[in-house]
Each structure stands twice: as structure tokens, then as C-alpha cells.
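Asks: mmCIF, C-alpha atoms, saved as upload_34.cif, coming up:
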data_work
loop_
_atom_site.label_atom_id
_atom_site.label_comp_id
_atom_site.auth_asym_id
_atom_site.auth_seq_id
_atom_site.Cartn_x
_atom_site.Cartn_y
_atom_site.Cartn_z
CA GLU H 147 133.86 81.57 -86.95
CA VAL H 148 130.73 82.59 -88.85
CA PHE H 149 129.13 79.22 -88.16
CA GLU H 150 130.09 79.33 -84.50
CA TYR H 151 128.56 82.79 -84.13
CA SER H 152 125.39 81.68 -85.89
CA LYS H 153 125.14 78.58 -83.70
CA GLY H 154 125.42 80.67 -80.52
CA LYS H 155 122.77 83.08 -81.77
CA MET H 156 120.40 80.23 -82.59
CA VAL H 157 120.87 78.79 -79.11
CA GLN H 158 120.07 82.19 -77.58
CA VAL H 159 116.93 82.54 -79.70
CA LYS H 160 115.78 79.04 -78.80
CA ALA H 161 116.48 79.64 -75.09
CA GLN H 162 114.45 82.87 -75.20
CA HIS H 163 111.62 81.04 -76.96
CA LEU H 164 111.63 78.33 -74.27
CA LYS H 165 111.69 80.96 -71.52
CA ASP H 166 108.73 82.79 -73.07
CA ALA H 167 106.80 79.50 -73.37
CA LEU H 168 107.51 78.63 -69.74
CA CYS H 169 106.44 82.08 -68.57
CA ALA H 170 103.16 81.71 -70.40
CA GLU H 171 102.46 78.33 -68.82
CA PHE H 172 104.04 78.69 -65.38
CA GLU H 173 100.89 79.22 -63.32
CA PRO H 174 100.01 75.50 -62.86
CA ILE H 175 103.64 74.73 -61.96
CA PHE H 176 103.64 77.45 -59.33
CA GLU H 177 100.26 76.34 -57.98
CA LEU H 178 101.62 72.83 -57.53
CA CYS H 179 104.71 74.12 -55.72
CA ALA H 180 102.57 76.31 -53.46
CA PHE H 181 100.24 73.38 -52.72
CA VAL H 182 103.20 71.22 -51.70
CA PHE H 183 104.65 74.04 -49.57
CA GLU H 184 101.31 74.56 -47.80
CA HIS H 185 100.10 70.99 -47.33
CA SER H 186 102.86 68.41 -47.60
CA GLU H 187 104.38 66.79 -44.56
CA SER H 188 106.80 64.73 -46.64
CA VAL H 189 110.35 66.00 -46.17
CA THR H 190 111.46 64.38 -49.42
CA LEU H 191 108.61 65.93 -51.43
CA VAL H 192 109.17 69.42 -50.01
CA HIS H 193 112.93 69.18 -50.55
CA THR H 194 112.47 68.01 -54.14
CA THR H 195 109.98 70.82 -54.73
CA LEU H 196 112.47 73.37 -53.39
CA GLU H 197 115.17 71.98 -55.69
CA THR H 198 112.77 72.14 -58.63
CA LEU H 199 111.87 75.71 -57.77
CA LEU H 200 115.57 76.57 -57.64
CA ARG H 201 115.96 75.36 -61.24
CA PHE H 202 112.98 77.45 -62.39
CA LEU H 203 113.77 80.71 -60.57
CA SER H 204 115.89 82.25 -63.31
CA TRP H 205 113.15 81.50 -65.86
CA ILE H 206 109.88 82.39 -64.15
CA PRO H 207 108.02 85.70 -64.40
CA MET H 208 109.13 88.17 -61.74
CA ASP H 209 105.55 88.53 -60.47
CA TYR H 210 105.65 84.98 -59.14
CA VAL H 211 108.67 85.88 -57.07
CA PHE H 212 107.60 89.23 -55.66
CA VAL H 213 103.79 89.25 -55.72
CA THR H 214 103.07 85.71 -54.48
CA PRO H 215 103.95 84.40 -51.00
CA LEU H 216 107.04 82.63 -52.40
CA ILE H 217 109.59 84.65 -50.43
CA GLN H 218 107.46 84.26 -47.31
CA TYR H 219 107.46 80.47 -47.75
CA LEU H 220 111.22 80.47 -48.13
CA THR H 221 112.06 82.79 -45.26
CA GLU H 222 109.42 81.90 -42.70
CA LYS H 223 108.63 78.27 -43.34
CA PHE H 224 111.75 76.60 -44.71
CA PHE H 225 114.85 78.61 -43.84
CA ASN H 226 114.65 77.69 -40.15
CA VAL H 227 114.40 73.95 -40.89
CA PRO H 228 117.95 72.53 -41.09
CA VAL H 229 117.19 69.95 -43.79
CA PHE H 230 115.80 72.69 -46.10
CA ARG H 231 118.21 75.48 -45.19
CA ASN H 232 120.83 75.02 -47.93
CA THR H 233 118.34 74.73 -50.78
CA THR H 234 116.28 77.60 -49.37
CA LEU H 235 119.38 79.77 -49.17
CA GLN H 236 120.23 78.88 -52.77
CA CYS H 237 116.72 79.92 -53.81
CA LEU H 238 117.04 83.22 -51.96
CA ALA H 239 120.46 83.84 -53.53
CA GLU H 240 118.99 83.14 -56.97
CA ILE H 241 116.17 85.60 -56.27
CA ALA H 242 118.69 88.23 -55.15
CA ALA H 243 120.62 87.73 -58.39
CA LEU H 244 117.59 88.14 -60.66
CA PRO H 245 118.10 90.91 -63.20
CA GLY H 246 115.76 93.80 -63.68
CA ASP H 247 114.11 96.57 -61.82
CA LEU H 248 111.64 95.48 -59.14
CA ARG H 249 109.51 98.58 -59.77
CA LYS H 250 108.70 97.32 -63.27
CA THR H 251 107.02 94.19 -61.91
CA MET H 252 104.71 95.90 -59.43
#
How does this structure look as C-alpha cells?
Replies:
Amino acid sequence: EVFEYSKGKMVQVKAQHLKDALCAEFEPIFELCAFVFEHSESVTLVHTTLETLLRFLSWIPMDYVFVTPLIQYLTEKFFNVPVFRNTTLQCLAEIAALPGDLRKTM
């Protein structure tokens, strides 16, 4: 049991370290996503970018969610397009489930 507890704790520490590293280097990733959202006409590329964003949402700094036009992209540009609707809804659900107090990020 001691080893199992220690193993779980090490995994948590490593996960937090990876999250901190991603937060520090997320700006170019977000800029690429925003560029695709603004300029791409490829359905496959936009859909893949939305799926990638979905995987990152629980890890990224809250400012990228609430201060950038991310929610506007999701609600105004992609939610009304049937091929993007499910992934967009998953992204919005992930945003709604984010922990923390919104007032701390603004």
C-alpha cells in the first residue's frame, strides 16, 4: 500500500509539472489554433483543430479561455455548422466544467 500511494503521488506531481510546462508554452499552440479558426477553409483541418483544442482545454491557462475570442469562435462560428457541432459542444461543456473562480482570471 505504501508503494501504491507513493506511485500515485509521483504521477500527480509529474502531471502538475507537465501542466505547468504546457501553460508556460501554450501561446504558440493557441495562436496556431486561432489562425486555423480564422483562415482555414478545410473542414478536416478545422475539425482536427477543434478536437485538439478539446484535449487541451483542461490544461490551458484560464485566460486563454475567457480573455481571448475562443468562446466566440466556438459559439458564433462553429456551433451552427453541423459537422462541427458535436466537438464544439464538447469543448463548451469542458469549459463549463473548468474548476476555479472566473473572477481570479480577470
Asks: Report as a CSV table (one decimal) with C-alpha atoms, keeping the file's coordinate frame the residues that result from applying the PyMOL selection byres ((chain H and resi 240) around 12) to the structure here.
Replies:
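Written file, part-v1.csv:
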chain,number,residue,atom,x,y,z
H,197,GLU,CA,115.2,72.0,-55.7
H,199,LEU,CA,111.9,75.7,-57.8
H,200,LEU,CA,115.6,76.6,-57.6
H,201,ARG,CA,116.0,75.4,-61.2
H,202,PHE,CA,113.0,77.4,-62.4
H,203,LEU,CA,113.8,80.7,-60.6
H,204,SER,CA,115.9,82.2,-63.3
H,205,TRP,CA,113.2,81.5,-65.9
H,206,ILE,CA,109.9,82.4,-64.2
H,211,VAL,CA,108.7,85.9,-57.1
H,217,ILE,CA,109.6,84.6,-50.4
H,233,THR,CA,118.3,74.7,-50.8
H,234,THR,CA,116.3,77.6,-49.4
H,235,LEU,CA,119.4,79.8,-49.2
H,236,GLN,CA,120.2,78.9,-52.8
H,237,CYS,CA,116.7,79.9,-53.8
H,238,LEU,CA,117.0,83.2,-52.0
H,239,ALA,CA,120.5,83.8,-53.5
H,241,ILE,CA,116.2,85.6,-56.3
H,242,ALA,CA,118.7,88.2,-55.2
H,243,ALA,CA,120.6,87.7,-58.4
H,244,LEU,CA,117.6,88.1,-60.7
H,245,PRO,CA,118.1,90.9,-63.2
Asks: So, with all atoms listed in the file as the atoms that count, which of H:Tyr210, H:Asn226, H:Leu220, H:Ser188 lies closest to Pro174 in chain H?
Replies: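 The shortest atom-to-atom distance to Pro174 in chain H comes from H:Tyr210.
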Asks: So the first atom is CA of Phe230 in chain H and the second is CA of His193 in chain H; what is the distance between them in Å, to one decimal place?
Replies: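 Answer for the CA of Phe230 in chain H to CA of His193 in chain H separation: 6.4 Å.
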Asks: Can you work out the spacing between CA of Lys223 in chain H and CA of Val192 in chain H in Å, to one decimal?
Replies: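 Separation of CA of Lys223 in chain H and CA of Val192 in chain H: 11.1 Å.
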Asks: In terms of the shortest atom-to-atom distance over all atoms listed in the file, which of H:His185, H:Ala170, H:Val157, H:Thr194 is closest to Pro207 in chain H?
Replies: H:Ala170
